[in-house]
Protein chains: 2
Amino acid sequence: MRFLHTADWHIGKRLGDFSLQVEQQDAFQKIVAIARQEQVDAVVIAGDLYDRSLASEESVQTVNGMLEYLNLHEHLPLLIISGNHDSAVRLSTGDKWMRQAGVHIVTDLEDAMKPIIIDDTQFFLLPYFEPYQARNFFADRTIKTTQDAVIKLVAQMQKMFDPTKKHVLVAHFFAANQAGSTQQSEAVVGGVDMVATGVLQPFDYVALGHIHNPQALTDEKIKYSGTPLMFSTGEITQTKGVRIIDTTPFNSQFIPLTPLHAIKKLTGTFADVTSFDQQAQVEKTDYVAVELTDQEPVMDAFNRLHAVYPRLFELTRRRIRRHPQQRNNISRYVHSEQLDPVVVLRDFYQYVTGQPLAPAQEKWALKVRQEVDDNETN
Amino acid sequence: MRFLHTADWHIGKRLGDFSLQVEQQDAFQKIVAIARQEQVDAVVIAGDLYDRSLASEESVQTVNGMLEYLNLHEHLPLLIISGNHDSAVRLSTGDKWMRQAGVHIVTDLEDAMKPIIIDDTQFFLLPYFEPYQARNFFADRTIKTTQDAVIKLVAQMQKMFDPTKKHVLVAHFFAANQAGSTQQSEAVVGGVDMVATGVLQPFDYVALGHIHNPQALTDEKIKYSGTPLMFSTGEITQTKGVRIIDTTPFNSQFIPLTPLHAIKKLTGTFADVTSFDQQAQVEKTDYVAVELTDQEPVMDAFNRLHAVYPRLFELTRRRIRRHPQQRNNISRYVHSEQLDPVVVLRDFYQYVTGQPLAPAQEKWALKVRQEVDDNETN
């Protein structure tokens, strides 16, 4: 069989003051077109359909409409789990009826043990969960971490394996490669929410959600689909898309999605980022983040930049880099009241601007100190 | 056919600090038992399944469970509309799939025009709406009130009437009898949200939600089901229940529901309401509202009453009744700075306590005024 693997739609997500509704609808239409063109037999959505558990009415309407379209219009079976951003309870509304039409929404651990069979494949749908939920589910107090739980869950699932079928796990957690790490066990045990990919080897494919970067794992059969859209400046270098998986013979293909509107990050002085060259490279509909590197204060920077970039959603200022030596100097200010105020001022200025006081500034500082001293002695 | 008519479940409703979850589950079980015993062919829920549009997860889980039970376990068709307390969007989640199993959730005006046929009856499901929604729907700017809209909606529905069938309207608004009122048109036109029962005569039965009192209308074929439970002290005198309707021949029967825990209101002085006799009439699990009639302040009344009545959810104090004459006297205080302060005090004391100043109090007041006067002249 062939299925489409996507995740982390985060419907309701905003970029600063901007709703991404239009971009998300566009990405959805593109996913539908891919599903159609690739003639997939099912669509897997590995969690985080919503951006928050208390989704707005608009977001609920959007997700309802998307699921209706995929299943009732495109007649595609859907395999869905709740992610950490979803409310499991709210997402499960209507699930008992949807199941009859091939929409499988799994939001609790119990249902994760009941494989859904489509063609030659058993799908195990494991929703996002906290370790305590697995601890209660198995009545096993030794379960402390997500990995502890996943080891036990996978063992349970393996008992259900039909050896004539392929086995796919759909899950929403933080998985990490063991290979290549010299301190593998330490790295894995280190995070309570991290699962070593080794634990997932019994499956023919693991369709993951949670990490927005589709290139986050190098394992051939354990993959994040990533988000359909960029959701922050940190994701600008990532190629977004969906995966098409064939089970027999196994094949995995990444199909990129071109966003309706780009997210761009401009770094430089105010003059740099508002230069004609820079402006020419930005569309009016692009979402823009600016990082200013000016040493001097820039007055009313947000509004002035907003006039140039109407979709400015973020403004940051680069912190000046300091030598470790300089940072250590700060410790002497624990008892700063014993220091000469001019020394404090000199150091502070240097710390903030990376420059020494100018001679004139130094002179003004000394003059003010003199005046204060004179007043105190009078 | 025979159906059960209920409405205004208000899942998530609280009485003061108390959740009514247990009582609502109990009432639901009783409704299921009635539906079973009366062998109804369908259940009508005329709006306000939830108490608020942003329902808690617990409430969502409760309502989901109730609808699942009625339809998937009891195999009953459900005819549901959204009320003013529901979010139409949230309530409609999954409705497209539920329809195939006979669960009809109607949340927009368009669907109200598509009758649902069960046996010998056409059901028209009209969700709660604001006049502007009908104005947009009909593109008719003359629609100002709910009644304007309902007149037009009913005319539209009548075009869909199959003369070989019975016609039932399910709706959620404030309807009022015209009969018996000498100023009927005025009374009806008076409220923008009020609909005259005359407008609803084309139907064989109108199953209403919105008003919690099942005895609110005297019309034989236009009825509120009322709430399954009392939700405030104002509802204490009402008998709560559900209605069983036969369409052919027409028959309407009210079946009362006994609440799991009573709501009681105790009125009297602190001594009265905490007397042994009074306490003996209240179960520890009863919800209790107290109205104190003491003239004097009662210190720490809530905590002391709470110790006696653990489910105390409301404490009020009766306002002293006054003759209209006394009320009118208040008007002279618009310019109270021109009045003798002792006169003001005397009147104020009389107003609040219903008693004149005691001679000693009068003497103290005069003394204080004298002291103030002396100070001002010095």
# chains A, B, ... in the order shown; residues from 1 in each chain; ligands from 1
>>> closest_atom_pairs(of="chain A", to="chain B", cutoff="8 Å", atoms="only C-alpha atoms", output="Markdown table")
| residue | atom | partner | partner_atom | distance |
| --- | --- | --- | --- | --- |
| A:Glu57 | CA | B:Val89 | CA | 6.2 |
| A:Val60 | CA | B:Arg90 | CA | 6.7 |
| A:Gln61 | CA | B:Val89 | CA | 6.3 |
| A:Asn64 | CA | B:Thr93 | CA | 6.3 |
| A:Glu68 | CA | B:Lys96 | CA | 7.6 |
| A:Ser87 | CA | B:Glu57 | CA | 8.0 |
| A:Val89 | CA | B:Glu57 | CA | 6.2 |
| A:Arg90 | CA | B:Val60 | CA | 6.7 |
| A:Thr93 | CA | B:Asn64 | CA | 6.3 |
| A:Gly94 | CA | B:Gly94 | CA | 4.7 |
| A:Asp95 | CA | B:Gly94 | CA | 7.3 |
| A:Lys96 | CA | B:Glu68 | CA | 7.6 |
| A:Trp97 | CA | B:Met98 | CA | 5.5 |
| A:Met98 | CA | B:Trp97 | CA | 5.5 |
| A:Ala101 | CA | B:Trp97 | CA | 7.3 |
>>> write_last_selection(atoms="C-alpha atoms", output="PDB file, in the first residue's frame")
ATOM      1  CA  GLU A  57     -13.922  28.356  16.671  1.00  0.00           C
ATOM      2  CA  VAL A  60     -12.148  24.016  14.848  1.00  0.00           C
ATOM      3  CA  GLN A  61     -14.040  24.901  11.681  1.00  0.00           C
ATOM      4  CA  ASN A  64     -13.356  19.910  10.710  1.00  0.00           C
ATOM      5  CA  GLU A  68     -14.356  16.224   5.994  1.00  0.00           C
ATOM      6  CA  SER A  87      -6.732  18.310  23.452  1.00  0.00           C
ATOM      7  CA  VAL A  89     -10.755  14.875  24.477  1.00  0.00           C
ATOM      8  CA  ARG A  90     -11.766  17.604  22.058  1.00  0.00           C
ATOM      9  CA  THR A  93     -15.369  14.326  19.417  1.00  0.00           C
ATOM     10  CA  GLY A  94     -17.348  12.239  16.933  1.00  0.00           C
ATOM     11  CA  ASP A  95     -14.543   9.676  16.536  1.00  0.00           C
ATOM     12  CA  LYS A  96     -16.815   6.701  17.201  1.00  0.00           C
ATOM     13  CA  TRP A  97     -18.954   7.628  14.199  1.00  0.00           C
ATOM     14  CA  MET A  98     -16.020   8.696  11.998  1.00  0.00           C
ATOM     15  CA  ALA A 101     -16.091   5.895   7.435  1.00  0.00           C
TER      16      ALA A 101
END
>>> select_by_dssp(residues="segment 134-374 of chain B", states="helix (DSSP H, G or I)", output="tab-separated table (two decimals) with C-alpha atoms, in the first residue's frame")
chain	number	residue	atom	x	y	z
B	134	ALA	CA	-31.64	35.39	9.24
B	135	ARG	CA	-31.27	38.83	7.65
B	136	ASN	CA	-28.11	37.63	5.88
B	137	PHE	CA	-29.57	34.23	5.08
B	138	PHE	CA	-32.62	35.67	3.33
B	146	THR	CA	-36.59	36.87	15.87
B	147	GLN	CA	-40.29	36.81	15.10
B	148	ASP	CA	-39.74	38.47	11.68
B	149	ALA	CA	-37.22	35.74	10.93
B	150	VAL	CA	-39.36	32.88	12.22
B	151	ILE	CA	-42.34	33.99	10.12
B	152	LYS	CA	-40.14	33.82	7.04
B	153	LEU	CA	-38.45	30.57	8.06
B	154	VAL	CA	-41.78	28.87	8.75
B	155	ALA	CA	-43.13	29.98	5.36
B	156	GLN	CA	-40.05	28.46	3.75
B	157	MET	CA	-40.46	25.23	5.71
B	158	GLN	CA	-44.12	25.00	4.74
B	159	LYS	CA	-43.07	24.79	1.09
B	184	GLN	CA	-51.40	40.73	22.31
B	185	SER	CA	-49.74	42.36	19.34
B	186	GLU	CA	-48.03	44.90	21.55
B	187	ALA	CA	-46.77	42.26	23.95
B	188	VAL	CA	-45.40	40.22	21.09
B	189	VAL	CA	-43.86	42.99	19.10
B	190	GLY	CA	-42.39	44.34	22.32
B	197	THR	CA	-47.11	31.04	19.35
B	198	GLY	CA	-49.57	31.90	16.56
B	199	VAL	CA	-46.66	31.94	14.12
B	200	LEU	CA	-45.95	28.29	14.92
B	233	THR	CA	-33.45	28.75	43.39
B	234	GLY	CA	-35.87	30.37	40.94
B	235	GLU	CA	-36.68	26.92	39.57
B	270	PHE	CA	-29.91	32.94	61.31
B	271	ALA	CA	-31.50	31.29	64.35
B	272	ASP	CA	-34.46	30.08	62.25
B	273	VAL	CA	-32.44	28.58	59.41
B	276	PHE	CA	-32.98	21.78	64.70
B	277	ASP	CA	-36.33	21.57	62.86
B	278	GLN	CA	-34.93	23.24	59.80
B	279	GLN	CA	-31.76	21.12	59.78
B	280	ALA	CA	-33.82	17.93	60.07
B	301	ALA	CA	-22.60	34.03	58.26
B	302	PHE	CA	-21.38	32.10	55.23
B	303	ASN	CA	-18.83	30.00	57.09
B	304	ARG	CA	-21.16	29.32	60.00
B	305	LEU	CA	-23.98	28.27	57.65
B	306	HIS	CA	-21.56	26.23	55.56
B	307	ALA	CA	-20.64	24.22	58.65
B	308	VAL	CA	-24.32	23.28	59.01
B	324	PRO	CA	-43.41	53.92	48.51
B	325	GLN	CA	-43.61	57.06	50.67
B	326	GLN	CA	-40.27	56.21	52.24
B	327	ARG	CA	-38.62	55.54	48.87
B	328	ASN	CA	-39.71	58.95	47.64
B	329	ASN	CA	-38.02	60.58	50.58
B	330	ILE	CA	-34.71	59.52	49.11
B	331	SER	CA	-35.00	62.09	46.35
B	332	ARG	CA	-34.38	64.97	48.74
B	333	TYR	CA	-30.84	63.64	49.31
B	334	VAL	CA	-29.79	64.70	45.85
B	335	HIS	CA	-28.68	67.89	47.59
B	336	SER	CA	-27.94	66.28	50.93
B	337	GLU	CA	-25.09	68.66	51.74
B	338	GLN	CA	-27.73	71.27	52.53
B	341	PRO	CA	-26.35	65.73	59.14
B	342	VAL	CA	-28.36	64.42	62.07
B	343	VAL	CA	-31.51	64.45	59.91
B	344	VAL	CA	-29.64	62.57	57.22
B	345	LEU	CA	-28.38	60.02	59.75
B	346	ARG	CA	-31.84	59.59	61.28
B	347	ASP	CA	-33.42	58.97	57.84
B	348	PHE	CA	-30.60	56.70	56.71
B	349	TYR	CA	-30.84	54.56	59.82
B	350	GLN	CA	-34.60	54.27	59.42
B	351	TYR	CA	-34.15	53.41	55.74
B	352	VAL	CA	-31.62	50.64	56.33
B	353	THR	CA	-32.99	49.06	59.50
B	359	PRO	CA	-32.89	57.80	72.13
B	360	ALA	CA	-29.27	57.09	73.15
B	361	GLN	CA	-28.16	56.96	69.51
B	362	GLU	CA	-29.99	60.24	68.83
B	363	LYS	CA	-28.18	61.80	71.79
B	364	TRP	CA	-24.74	60.61	70.57
B	365	ALA	CA	-25.42	61.97	67.11
B	366	LEU	CA	-26.37	65.40	68.47
B	367	LYS	CA	-23.27	65.43	70.67
B	368	VAL	CA	-20.94	64.65	67.79
B	369	ARG	CA	-22.54	67.35	65.62
B	370	GLN	CA	-22.03	69.85	68.44
B	371	GLU	CA	-18.35	68.91	68.74
B	372	VAL	CA	-17.83	69.29	65.01
B	373	ASP	CA	-19.59	72.66	64.99
B	374	ASP	CA	-17.45	73.86	67.92
>>> residues_around(residues="segment 165-174 of chain B", least_positions_apart="3", cutoff="7 Å", atoms="only C-alpha atoms", output="CSV table (one decimal) with N, CA and C atoms, in the first residue's frame")
chain,number,residue,atom,x,y,z
B,46,ALA,N,-33.5,20.0,22.2
B,46,ALA,CA,-33.8,21.3,21.6
B,46,ALA,C,-32.8,22.4,22.1
B,47,GLY,N,-31.5,22.1,22.0
B,47,GLY,CA,-30.5,23.1,22.2
B,47,GLY,C,-30.0,23.2,23.7
B,83,GLY,N,-28.2,25.6,20.9
B,83,GLY,CA,-28.9,26.6,21.6
B,83,GLY,C,-28.0,27.8,21.8
B,120,ASP,N,-43.5,8.6,10.1
B,120,ASP,CA,-44.6,9.4,9.5
B,120,ASP,C,-44.3,10.9,9.7
B,121,THR,N,-43.1,11.3,10.1
B,121,THR,CA,-42.9,12.7,10.5
B,121,THR,C,-41.7,13.4,9.8
B,122,GLN,N,-42.0,14.7,9.4
B,122,GLN,CA,-40.9,15.5,9.0
B,122,GLN,C,-40.5,16.4,10.1
B,123,PHE,N,-39.2,16.3,10.5
B,123,PHE,CA,-38.6,17.2,11.5
B,123,PHE,C,-37.9,18.3,10.9
B,124,PHE,N,-38.2,19.5,11.3
B,124,PHE,CA,-37.4,20.7,10.9
B,124,PHE,C,-36.6,21.2,12.1
B,125,LEU,N,-35.3,21.2,12.0
B,125,LEU,CA,-34.4,21.5,13.1
B,125,LEU,C,-33.9,22.9,12.9
B,126,LEU,N,-34.4,23.8,13.7
B,126,LEU,CA,-34.0,25.2,13.6
B,126,LEU,C,-33.1,25.6,14.8
B,127,PRO,N,-31.8,25.8,14.6
B,127,PRO,CA,-30.9,26.1,15.7
B,127,PRO,C,-31.2,27.5,16.2
B,128,TYR,N,-30.6,27.8,17.4
B,128,TYR,CA,-30.7,29.2,17.9
B,128,TYR,C,-30.0,30.1,16.9
B,162,ASP,N,-44.6,17.8,3.3
B,162,ASP,CA,-45.2,16.6,2.7
B,162,ASP,C,-46.6,16.4,3.3
B,193,ASP,N,-36.7,39.3,20.8
B,193,ASP,CA,-36.4,37.9,20.8
B,193,ASP,C,-37.6,37.0,21.1
B,194,MET,N,-38.8,37.6,21.1
B,194,MET,CA,-40.0,36.9,21.5
B,194,MET,C,-40.8,36.5,20.2
B,195,VAL,N,-41.3,35.3,20.2
B,195,VAL,CA,-42.1,34.8,19.0
B,195,VAL,C,-43.5,34.4,19.5
B,203,PHE,N,-47.4,23.8,12.5
B,203,PHE,CA,-46.8,22.5,12.9
B,203,PHE,C,-47.7,21.7,13.8
B,204,ASP,N,-47.5,20.4,13.7
B,204,ASP,CA,-48.3,19.4,14.5
B,204,ASP,C,-47.7,19.4,15.9
B,205,TYR,N,-46.4,19.7,16.1
B,205,TYR,CA,-45.9,19.9,17.4
B,205,TYR,C,-44.6,20.7,17.3
B,206,VAL,N,-44.4,21.6,18.3
B,206,VAL,CA,-43.2,22.4,18.3
B,206,VAL,C,-42.4,22.0,19.6
B,207,ALA,N,-41.2,21.4,19.4
B,207,ALA,CA,-40.4,21.0,20.6
B,207,ALA,C,-39.4,22.1,20.9
B,208,LEU,N,-39.7,22.9,21.9
B,208,LEU,CA,-38.8,24.0,22.2
B,208,LEU,C,-37.8,23.8,23.3
B,209,GLY,N,-36.7,24.5,23.2
B,209,GLY,CA,-35.8,24.7,24.3
B,209,GLY,C,-35.6,26.1,24.6
B,210,HIS,N,-34.9,26.5,25.7
B,210,HIS,CA,-34.6,27.9,26.0
B,210,HIS,C,-35.1,28.3,27.4
B,211,ILE,N,-36.5,28.1,27.6
B,211,ILE,CA,-37.1,28.4,28.8
B,211,ILE,C,-37.0,27.1,29.7
B,247,THR,N,-47.1,11.1,17.5
B,247,THR,CA,-47.6,12.0,16.4
B,247,THR,C,-49.0,11.5,15.9
>>> atom_distance(atom1="atom CA of Arg318 of chain B", atom2="atom CA of Asn213 of chain B")
24.9 Å
>>> atom_distance(atom1="atom CA of Ile11 of chain B", atom2="atom CA of Tyr50 of chain B")
4.6 Å
>>> residues_around(residues="Leu229 of chain B", least_positions_apart="3", cutoff="12 Å", atoms="only C-alpha atoms", output="PyMOL selection string")
chain B and resi 6-11+13-15+20-28+30-31+212-214+225-226+232-233+235-242+256-263
>>> closest_residue(among="A:Pro115, A:Gln253, A:Ile222, A:Leu109", to="Leu4 of chain A", atoms="only C-alpha atoms")
A:Gln253
>>> atom_distance(atom1="atom CA of Thr248 of chain B", atom2="atom CA of Ala196 of chain B")
25.6 Å
>>> closest_residue(among="A:Ile245, A:Leu312, A:Ile118, A:Val298", to="Lys264 of chain A", atoms="only C-alpha atoms")
A:Leu312
